[in-house]
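Data from start-v2.cif: mmCIF, C-alpha atoms
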data_query
#
loop_
_atom_site.label_atom_id
_atom_site.label_comp_id
_atom_site.auth_asym_id
_atom_site.auth_seq_id
_atom_site.Cartn_x
_atom_site.Cartn_y
_atom_site.Cartn_z
CA MET A 1 102.26 66.68 127.83
CA LYS A 2 104.23 66.98 131.06
CA LYS A 3 106.00 70.04 129.68
CA LYS A 4 102.69 71.73 128.92
CA LYS A 5 101.39 71.04 132.41
CA LEU A 6 104.59 72.46 133.84
CA LEU A 7 104.16 75.57 131.70
CA ILE A 8 100.63 76.09 133.01
CA VAL A 9 101.77 75.68 136.60
CA ALA A 10 104.65 78.10 135.98
CA ALA A 11 102.25 80.64 134.45
CA ALA A 12 99.90 80.30 137.42
CA VAL A 13 102.75 80.74 139.90
CA LEU A 14 104.03 83.79 138.01
CA ALA A 15 100.55 85.33 137.92
CA ALA A 16 100.12 84.65 141.63
CA GLY A 17 103.49 86.19 142.43
CA ALA A 18 102.83 89.28 140.33
CA ALA A 19 99.42 89.73 141.92
CA ALA A 20 100.74 89.26 145.45
CA LEU A 21 103.55 91.73 144.81
CA SER A 22 101.39 94.35 143.20
CA ARG A 23 98.82 94.36 145.98
CA GLY A 24 101.25 94.04 148.83
CA LEU A 25 103.52 96.92 147.90
CA ASP A 26 102.85 100.00 149.98
CA ILE A 27 106.34 101.31 150.49
CA PHE A 28 106.02 104.88 149.28
CA PRO A 29 106.12 107.73 151.78
CA GLN A 30 102.78 109.43 152.34
CA ARG A 31 102.24 113.13 151.82
CA GLU A 32 101.72 115.27 154.82
CA VAL A 33 98.10 116.30 155.23
CA PRO A 34 97.42 120.01 155.83
CA PRO A 35 96.45 120.70 159.46
CA TYR A 36 92.94 121.79 158.44
CA ARG A 37 92.28 118.26 157.11
CA THR A 38 93.53 116.55 160.26
CA PHE A 39 91.17 115.94 163.16
CA GLY A 40 91.56 114.47 166.63
CA PRO A 41 94.39 114.33 169.16
CA GLU A 42 97.88 113.55 167.86
CA GLU A 43 98.41 110.86 170.52
CA ALA A 44 95.16 109.03 169.67
CA PRO A 45 95.62 105.24 169.59
CA VAL A 46 93.69 104.84 166.34
CA LYS A 47 94.92 106.69 163.28
CA VAL A 48 92.75 106.78 160.18
CA ALA A 49 93.85 107.98 156.76
CA GLU A 50 90.74 108.45 154.66
CA TYR A 51 90.72 108.71 150.86
CA SER A 52 87.41 110.31 150.07
CA ASP A 53 85.35 111.79 147.27
CA LEU A 54 82.98 114.54 148.39
CA SER A 55 80.40 113.39 145.79
CA CYS A 56 80.24 109.77 146.84
CA PRO A 57 77.30 108.71 149.04
CA ALA A 58 79.33 106.05 150.87
CA CYS A 59 81.89 108.73 151.74
CA ALA A 60 79.11 110.84 153.25
CA ALA A 61 78.03 107.87 155.38
CA ALA A 62 81.61 107.30 156.49
CA TRP A 63 82.00 110.99 157.37
CA THR A 64 78.95 110.79 159.63
CA GLY A 65 80.24 107.57 161.20
CA LEU A 66 83.64 109.10 161.93
CA GLU A 67 82.07 112.23 163.42
CA GLU A 68 79.84 110.16 165.68
CA THR A 69 82.76 108.00 166.80
CA ALA A 70 84.89 111.08 167.48
CA ARG A 71 82.06 112.60 169.52
CA LYS A 72 81.57 109.39 171.50
CA TYR A 73 85.28 108.76 172.10
CA PRO A 74 87.09 112.11 171.93
CA LYS A 75 90.57 110.72 172.65
CA TYR A 76 90.31 107.66 170.44
CA LEU A 77 90.61 108.85 166.83
CA ARG A 78 92.92 110.87 164.66
CA VAL A 79 91.71 111.28 161.10
CA GLU A 80 93.62 112.51 158.07
CA PHE A 81 91.34 113.41 155.20
CA LYS A 82 92.81 112.92 151.72
CA HIS A 83 91.10 113.84 148.49
CA TYR A 84 90.44 111.14 145.95
CA PRO A 85 87.75 112.61 143.67
CA LEU A 86 86.54 110.14 141.04
CA ALA A 87 86.03 112.90 138.51
CA SER A 88 85.25 110.50 135.65
CA VAL A 89 82.16 109.29 137.53
CA HIS A 90 81.31 112.34 139.64
CA ARG A 91 81.30 115.51 137.57
CA TRP A 92 81.82 118.06 140.33
CA SER A 93 83.94 116.08 142.75
CA PHE A 94 87.23 117.75 141.83
CA ASP A 95 85.73 121.25 142.13
CA ALA A 96 84.17 120.27 145.44
CA ALA A 97 87.61 119.25 146.72
CA LEU A 98 89.00 122.65 145.69
CA TYR A 99 86.23 124.53 147.48
CA ALA A 100 86.66 122.40 150.59
CA ASP A 101 90.40 123.02 150.69
CA CYS A 102 89.91 126.73 150.19
CA ALA A 103 87.42 126.68 153.06
CA GLY A 104 90.13 124.86 154.99
CA GLN A 105 92.55 127.69 154.37
CA GLN A 106 90.06 129.91 156.17
CA GLY A 107 89.84 127.36 158.99
CA ARG A 108 86.41 126.01 157.95
CA PHE A 109 87.19 122.70 156.22
CA LYS A 110 85.15 120.56 158.56
CA GLU A 111 82.10 122.81 158.37
CA TYR A 112 82.31 123.13 154.59
CA ALA A 113 82.91 119.42 153.93
CA GLY A 114 79.99 118.72 156.30
CA LEU A 115 77.77 121.00 154.21
CA LEU A 116 78.90 119.30 151.00
CA PHE A 117 78.23 115.84 152.39
CA THR A 118 74.87 116.80 153.87
CA ASN A 119 73.66 118.45 150.66
CA GLN A 120 75.38 116.01 148.32
CA LYS A 121 72.20 115.05 146.45
CA ASP A 122 71.50 118.70 145.63
CA TRP A 123 74.79 119.54 143.96
CA SER A 124 76.41 116.30 142.78
CA ARG A 125 74.19 116.07 139.69
CA ALA A 126 73.48 119.78 139.34
CA GLU A 127 74.11 121.64 136.10
CA ASN A 128 76.03 124.38 137.84
CA ALA A 129 77.30 123.12 141.17
CA PRO A 130 79.78 126.00 141.71
CA GLU A 131 76.76 128.26 142.20
CA GLN A 132 75.71 126.04 145.10
CA PHE A 133 79.28 125.86 146.37
CA GLY A 134 79.15 129.67 146.59
CA ARG A 135 75.99 129.50 148.67
CA TYR A 136 77.57 126.96 151.03
CA ALA A 137 80.57 129.29 151.31
CA ASP A 138 78.25 132.01 152.58
CA LEU A 139 76.62 129.57 154.98
CA ALA A 140 80.03 128.55 156.30
CA GLY A 141 80.94 132.21 156.75
CA LEU A 142 83.78 132.26 154.23
CA GLU A 143 85.32 135.43 152.93
CA ARG A 144 84.53 135.39 149.20
CA GLY A 145 87.52 137.37 147.95
CA ALA A 146 90.00 135.05 149.64
CA LEU A 147 87.98 132.04 148.49
CA ASP A 148 88.08 133.11 144.84
CA ALA A 149 91.81 133.83 145.02
CA CYS A 150 92.41 130.42 146.53
CA LEU A 151 90.29 128.69 143.86
CA ALA A 152 92.27 130.41 141.11
CA ALA A 153 95.65 129.53 142.61
CA PRO A 154 97.32 126.62 140.78
CA GLU A 155 98.67 125.22 144.06
CA THR A 156 95.14 124.44 145.22
CA ALA A 157 94.47 122.07 142.32
CA GLU A 158 98.00 120.74 142.55
CA ALA A 159 97.47 119.71 146.19
CA VAL A 160 94.36 117.72 145.24
CA ARG A 161 96.17 116.11 142.30
CA LEU A 162 99.04 115.08 144.56
CA ASP A 163 96.56 113.45 146.94
CA MET A 164 95.10 111.58 143.97
CA ALA A 165 98.54 110.50 142.79
CA GLU A 166 99.27 109.15 146.26
CA GLY A 167 95.95 107.31 146.18
CA ASP A 168 96.86 105.80 142.83
CA ARG A 169 100.17 104.58 144.23
CA ARG A 170 98.32 103.01 147.16
CA LYS A 171 95.94 101.29 144.70
CA ILE A 172 92.78 103.08 145.76
CA GLY A 173 90.06 101.71 143.50
CA SER A 174 86.94 102.62 145.46
CA THR A 175 85.99 105.45 147.75
CA PRO A 176 86.01 105.71 150.65
CA THR A 177 89.14 103.73 151.38
CA PHE A 178 90.69 103.90 154.85
CA PHE A 179 93.96 102.91 156.38
CA VAL A 180 93.28 102.27 160.05
CA ASN A 181 96.64 102.07 161.80
CA GLY A 182 98.03 101.12 158.39
CA LYS A 183 95.52 98.38 157.58
CA ARG A 184 93.23 98.88 154.58
CA PHE A 185 89.41 98.98 154.82
CA VAL A 186 87.01 99.86 152.03
CA GLY A 187 83.55 101.34 152.58
CA PRO A 188 81.84 102.66 155.70
CA ALA A 189 80.75 99.24 156.96
CA GLN A 190 84.27 97.79 157.03
CA LEU A 191 85.54 100.97 158.72
CA MET A 192 82.88 101.06 161.42
CA ARG A 193 83.34 97.36 162.22
CA GLN A 194 87.05 97.91 162.69
CA LEU A 195 86.54 101.02 164.81
CA GLN A 196 84.07 99.16 167.01
CA TYR A 197 86.49 96.26 167.33
CA LEU A 198 89.40 98.54 168.24
CA ALA A 199 87.28 100.46 170.74
CA ILE A 200 86.89 97.23 172.70
CA THR A 201 90.61 96.58 172.75
CA VAL A 202 91.75 100.11 173.60
CA LYS A 203 92.28 101.08 177.24
CA PRO A 204 89.28 103.05 178.57
CA GLU A 205 91.46 106.09 179.37
CA ASN A 206 92.28 106.36 175.67
CA LEU A 207 88.67 106.55 174.60
CA MET B 1 98.36 66.89 115.60
CA SER B 2 96.69 63.64 114.70
CA GLY B 3 93.16 62.88 113.71
CA GLY B 4 92.70 64.86 110.48
CA ARG B 5 90.93 68.19 109.91
CA PRO B 6 89.01 69.68 112.79
CA ARG B 7 85.22 69.72 112.49
CA GLY B 8 82.91 72.68 113.05
CA LYS B 9 82.11 71.59 116.57
CA ALA B 10 85.78 71.51 117.42
CA TRP B 11 86.08 75.15 116.36
CA LEU B 12 83.01 75.98 118.43
CA GLY B 13 84.64 74.26 121.39
CA LEU B 14 87.82 76.24 120.90
CA LEU B 15 85.83 79.46 120.66
CA GLY B 16 83.93 78.65 123.87
CA ARG B 17 87.10 77.68 125.70
CA THR B 18 88.91 80.83 124.61
CA LEU B 19 86.00 83.13 125.45
CA ALA B 20 85.16 81.62 128.82
CA GLY B 21 88.82 81.07 129.70
CA GLY B 22 89.75 84.59 128.68
CA VAL B 23 86.94 86.18 130.69
CA PHE B 24 87.72 84.10 133.79
CA ALA B 25 91.49 84.60 133.60
CA TYR B 26 91.10 88.34 133.09
CA ALA B 27 88.48 88.79 135.81
CA GLY B 28 90.51 86.66 138.22
CA PHE B 29 93.79 88.42 137.58
CA ILE B 30 92.35 91.94 137.83
CA LYS B 31 90.80 91.13 141.20
CA ALA B 32 93.71 89.11 142.52
CA ALA B 33 96.01 92.04 141.78
CA ALA B 34 93.73 94.49 143.59
CA PRO B 35 93.37 94.88 147.36
CA VAL B 36 91.12 92.12 148.68
CA GLU B 37 89.10 94.58 150.78
CA GLU B 38 87.87 96.25 147.62
CA PHE B 39 86.32 93.08 146.24
CA ALA B 40 84.94 92.29 149.70
CA TYR B 41 83.26 95.73 149.65
CA ALA B 42 81.68 94.90 146.28
CA ILE B 43 80.40 91.56 147.59
CA GLU B 44 79.04 93.21 150.75
CA SER B 45 77.03 95.62 148.61
CA TYR B 46 74.86 92.68 147.42
CA ARG B 47 73.67 92.25 151.05
CA ILE B 48 73.62 88.47 150.81
CA LEU B 49 76.76 87.28 152.57
CA SER B 50 77.93 88.25 156.03
CA PRO B 51 81.04 90.48 156.26
CA PHE B 52 83.16 87.46 157.21
CA LEU B 53 81.93 85.38 154.28
CA SER B 54 82.30 88.35 151.92
CA LEU B 55 85.94 88.68 152.89
CA ALA B 56 86.49 84.93 152.60
CA ALA B 57 84.91 84.92 149.14
CA ALA B 58 87.03 87.91 148.16
CA TYR B 59 90.15 85.98 149.09
CA ILE B 60 89.19 82.79 147.28
CA LEU B 61 87.16 83.75 144.19
CA PRO B 62 89.78 85.66 142.18
CA TRP B 63 92.26 82.80 142.45
CA ALA B 64 89.61 80.24 141.57
CA GLU B 65 88.63 82.29 138.54
CA LEU B 66 92.23 82.72 137.47
CA LEU B 67 92.92 79.00 137.79
CA LEU B 68 89.76 78.02 135.88
CA GLY B 69 90.56 80.59 133.20
CA LEU B 70 94.08 79.27 132.69
CA LEU B 71 92.90 75.66 132.61
CA LEU B 72 90.26 76.50 130.01
CA LEU B 73 92.65 78.52 127.87
CA ALA B 74 95.22 75.74 127.92
CA GLY B 75 92.71 72.94 127.61
CA LEU B 76 93.66 71.03 130.72
CA TYR B 77 90.94 69.30 132.76
CA THR B 78 88.64 70.99 130.27
CA LYS B 79 85.36 69.29 131.22
CA PRO B 80 85.60 69.80 134.98
CA ALA B 81 86.98 73.33 134.52
CA ALA B 82 84.13 74.26 132.17
CA ALA B 83 81.59 72.70 134.54
CA ALA B 84 83.04 74.62 137.51
CA ALA B 85 83.06 77.85 135.50
CA GLY B 86 79.42 77.25 134.56
CA ALA B 87 78.48 76.57 138.17
CA LEU B 88 80.19 79.77 139.31
CA LEU B 89 78.41 81.75 136.61
CA VAL B 90 75.04 80.37 137.69
CA GLY B 91 75.88 81.49 141.22
CA PHE B 92 76.86 84.96 140.01
CA GLU B 93 73.60 85.20 138.06
CA GLY B 94 71.73 84.38 141.25
CA PHE B 95 73.47 87.23 143.08
CA LEU B 96 72.83 89.67 140.25
CA LEU B 97 69.20 88.65 139.87
CA SER B 98 68.71 89.08 143.60
CA VAL B 99 69.92 92.71 143.58
CA ILE B 100 67.90 93.47 140.45
CA ILE B 101 64.73 92.14 142.08
CA ARG B 102 65.41 93.82 145.43
CA LYS B 103 66.41 97.06 143.63
CA ILE B 104 69.56 97.37 145.68
CA PRO B 105 71.75 100.17 144.31
CA VAL B 106 74.89 98.28 143.32
CA THR B 107 76.93 100.76 141.25
CA SER B 108 79.71 98.32 140.43
CA CYS B 109 79.12 94.58 140.36
CA GLY B 110 82.75 93.95 141.26
CA CYS B 111 83.04 91.40 138.47
CA PHE B 112 86.16 92.94 136.91
CA GLY B 113 87.46 94.84 139.91
CA ALA B 114 86.75 98.38 140.99
CA GLY B 115 88.01 99.94 137.76
CA VAL B 116 85.15 98.65 135.64
CA SER B 117 81.66 99.56 136.71
CA SER B 118 78.86 97.87 134.87
CA SER B 119 75.33 97.74 136.17
CA PRO B 120 73.84 94.43 137.38
CA PRO B 121 71.47 94.06 134.37
CA THR B 122 74.36 94.56 131.91
CA GLU B 123 76.51 92.11 133.79
CA PHE B 124 73.65 89.62 133.98
CA ALA B 125 73.38 89.66 130.17
CA LEU B 126 77.15 89.40 129.67
CA ASN B 127 77.29 86.46 132.08
CA LEU B 128 74.72 84.64 129.95
CA LEU B 129 77.13 84.88 127.02
CA THR B 130 79.99 83.56 129.14
CA LEU B 131 77.71 80.79 130.35
CA ALA B 132 77.01 79.81 126.74
CA ALA B 133 80.75 79.85 126.04
CA SER B 134 81.35 77.61 129.07
CA TYR B 135 78.75 75.17 127.75
CA LEU B 136 80.53 75.03 124.38
CA ALA B 137 83.82 74.48 126.19
CA TRP B 138 82.26 71.69 128.25
CA LYS B 139 80.62 70.01 125.25
CA TYR B 140 83.26 70.37 122.53
CA GLY B 141 86.24 71.99 124.20
CA ARG B 142 88.73 69.14 124.01
CA ALA B 143 89.88 69.95 120.48
CA PHE B 144 93.14 71.88 120.32
CA ALA B 145 93.44 71.18 124.04
CA ALA B 146 96.75 70.50 125.73
CA GLU B 147 95.22 67.45 127.42
CA THR B 148 94.42 65.72 124.11
CA GLY B 149 97.15 66.99 121.83
CA THR B 150 94.75 66.49 118.93
CA LEU B 151 92.52 68.51 116.61
CA GLN B 152 89.60 66.20 117.29
CA SER B 153 86.99 66.98 119.88
CA LYS B 154 87.09 63.44 121.24
#

Hey, can you dump this file as structure tokens for me?
Amino acid sequence: MKKKKLLIVAAAVLAAGAAALSRGLDIFPQREVPPYRTFGPEEAPVKVAEYSDLSCPACAAAWTGLEETARKYPKYLRVEFKHYPLASVHRWSFDAALYADCAGQQGRFKEYAGLLFTNQKDWSRAENAPEQFGRYADLAGLERGALDACLAAPETAEAVRLDMAEGDRRKIGSTPTFFVNGKRFVGPAQLMRQLQYLAITVKPENL
Amino acid sequence: MSGGRPRGKAWLGLLGRTLAGGVFAYAGFIKAAAPVEEFAYAIESYRILSPFLSLAAAYILPWAELLLGLLLLAGLYTKPAAAAAGALLVGFEGFLLSVIIRKIPVTSCGCFGAGVSSSPPTEFALNLLTLAASYLAWKYGRAFAAETGTLQSK
């Protein structure tokens, strides 16, 4: 009887240890984010790495929240945008990431991602979203020849896949997930609470 | 193994204990192994608990579920473990019912971590099954249990 109880306790301790280890490990180096997906001053006191899916409504809300915060406090935030399209749930999210990156190569990532987030409802469940992506490309003033070449280049998809692999290593399970100065937050509400909290603690000259 | 052949109710008890224990241990482990903020995000999406309480629940619940699951599977403190599991399930049903009634768009209930996304009505129905299993574990679950060391239910 005592032996059995000991076994249960040992199993519980092992499970606890395995769980603690698996969720605490974040020792892998992070990939460098291309400059067109990095926003805000390098010396900003608050650094946010965002793992986002262009088809996810919560990611659109977080995008708006980050833009508003950056407008309000121009020296406060530096954001690195990383792709984590949940393609099994959102049909066009991977393609959207490719288009956004190709827009980025023409220096229009922010504008294009903004268009995708704003019009998310129109394309995320569409039958032929790439048609709409083309229209947004025109709206963003992209050069179509260069865009098509970029979309066809294997490196473009590879870059998105590498972002996803990094997200997998960091145990991203939901989008958007943020690392604010290294600490994890999931969803726009958790992010905005933390940004508001940090804004209080940061010196006014850094806002 | 004393006490002769097990009766039908004893088998029912074992079934209930295994089902409820398995579900709780699995759900607990999956969530305990995942980042706590993710489960807190799922709890927040029900719009019932404050952010602070959501985070507190996200820290505590997975471990409570894991412990209850292991106790039920092993058959230790079977009655209280089954009662606690049942009480938790009733609470979960309350949360799920609340979002169904309020038509809050919860895409993933958070029950088995972020990897599994089942809708609240599906999860509500599945929880009823687990609740029935917990009842069987509470009523007849002491057969084959480590705490009794016997095939009999009493």

- Check which residues satisfy the PyMOL selection byres ((chain B and resi 21-24) around 7) in the file shown, then give them as a ChimeraX atom specification. /B:17-20,25-28,65-66,68-70,72-73

- Task: Apply the PyMOL selection byres ((chain B) within 12 of (chain A)) to the displayed file and report the matching residues as a ChimeraX atom specification.
- Result: /B:25-26,28-45,47,50-52,54-55,59,62-77,105-108,110,112-117,145-150

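Taking atom CA of Pro130 of chain A and atom CA of Ala96 of chain A as endpoints, the distance between them is 8.1 Å.
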
- Query: At what distance in Å, to one decimal, does atom CA of Lys9 of chain B lie from atom CA of Gly91 of chain B?
  - Reply: 27.3 Å

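Pairwise distance (atom CA of Val48 of chain A, atom CA of Phe179 of chain A) equals 5.6 Å.
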
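For the residues A:Glu143, A:Asp95, A:Glu158, A:Asp138, ranking by smallest atom-to-atom distance to Asp53 of chain A using all atoms listed in the file places A:Asp95 first.
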
- What's the 12 Å shell around Leu129 of chain B, counting all atoms listed in the file, without same-chain residues fewer than 3 positions away, as number ranges by chain? B: 16, 19-20, 23, 86, 89-90, 93, 122-126, 132-136

- Item | Who sits within 6 Å of segment 69-75 of chain A, all atoms listed in the file, same chain under 2 positions skipped, as a PyMOL selection string | chain A and resi 44+66-67+206-207

Go ahead and dump the residues you just picked, C-alpha atoms, as a compact mmCIF listing (two decimals), keeping the file's coordinate frame.
# COMPACT_ATOMS: atom_id res chain seq x y z
CA ALA A 44 95.16 109.03 169.67
CA LEU A 66 83.64 109.10 161.93
CA GLU A 67 82.07 112.23 163.42
CA ASN A 206 92.28 106.36 175.67
CA LEU A 207 88.67 106.55 174.60

When you look at Tyr51 of chain A with a cut-off of 6 Å (counting only C-alpha atoms), what residues show up, excluding the ones that are within fewer than 2 positions of it in the same chain? I need them as a PDB file with C-alpha atoms, keeping the file's coordinate frame.
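The resulting file, part08.pdb, is reproduced below:
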ATOM      1  CA  LYS A  82      92.810 112.920 151.720  1.00  0.00           C
ATOM      2  CA  HIS A  83      91.100 113.840 148.490  1.00  0.00           C
ATOM      3  CA  TYR A  84      90.440 111.140 145.950  1.00  0.00           C
ATOM      4  CA  PRO A 176      86.010 105.710 150.650  1.00  0.00           C
ATOM      5  CA  THR A 177      89.140 103.730 151.380  1.00  0.00           C
TER       6      THR A 177
END

Kindly assemble as a tab-separated table a list of the segment 68-90 of chain A residues that lie within 12 Å of segment 109-121 of chain A, each paired with its nearest atom pair and their distance in Å to one decimal, using only C-alpha atoms, sorted first by chain and then by ascending residue number.
residue	atom	partner	partner_atom	distance
A:Val79	CA	A:Lys110	CA	11.6
A:Glu80	CA	A:Lys110	CA	11.7
A:Phe81	CA	A:Lys110	CA	10.0
A:His83	CA	A:Ala113	CA	11.3
A:His90	CA	A:Gln120	CA	11.1

- Name the residues captured by the PyMOL selection byres ((chain A and resi 93) around 10) when it is applied to the shown file; answer as a ChimeraX atom specification. /A:52-56,83-92,94-99,123-124,129

- Message: Residues near segment 27-32 of chain A, anyone? I mean within 9 Å using only C-alpha atoms, not counting same-chain ones fewer than 5 positions away, as a PyMOL selection string.
- Response: chain A and resi 162-163+166+169-170

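Take the candidates A:Val180, A:Met192, A:Val160, A:Leu139 and check each one against Pro45 of chain A using only C-alpha atoms; the shortest distance goes to A:Val180.
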
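If all atoms listed in the file are the atoms counted, then among B:Cys111, B:Leu49, B:Ala137, B:Leu97 the closest residue to Lys79 of chain B is B:Ala137.
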
Need the axis-aligned box for segment 48-62 of chain B with 4 Å each side, so what are the centre and edges in Å to one decimal, as JSON?
{"center_x": 81.9, "center_y": 86.6, "center_z": 149.7, "size_x": 24.5, "size_y": 15.7, "size_z": 23.0}
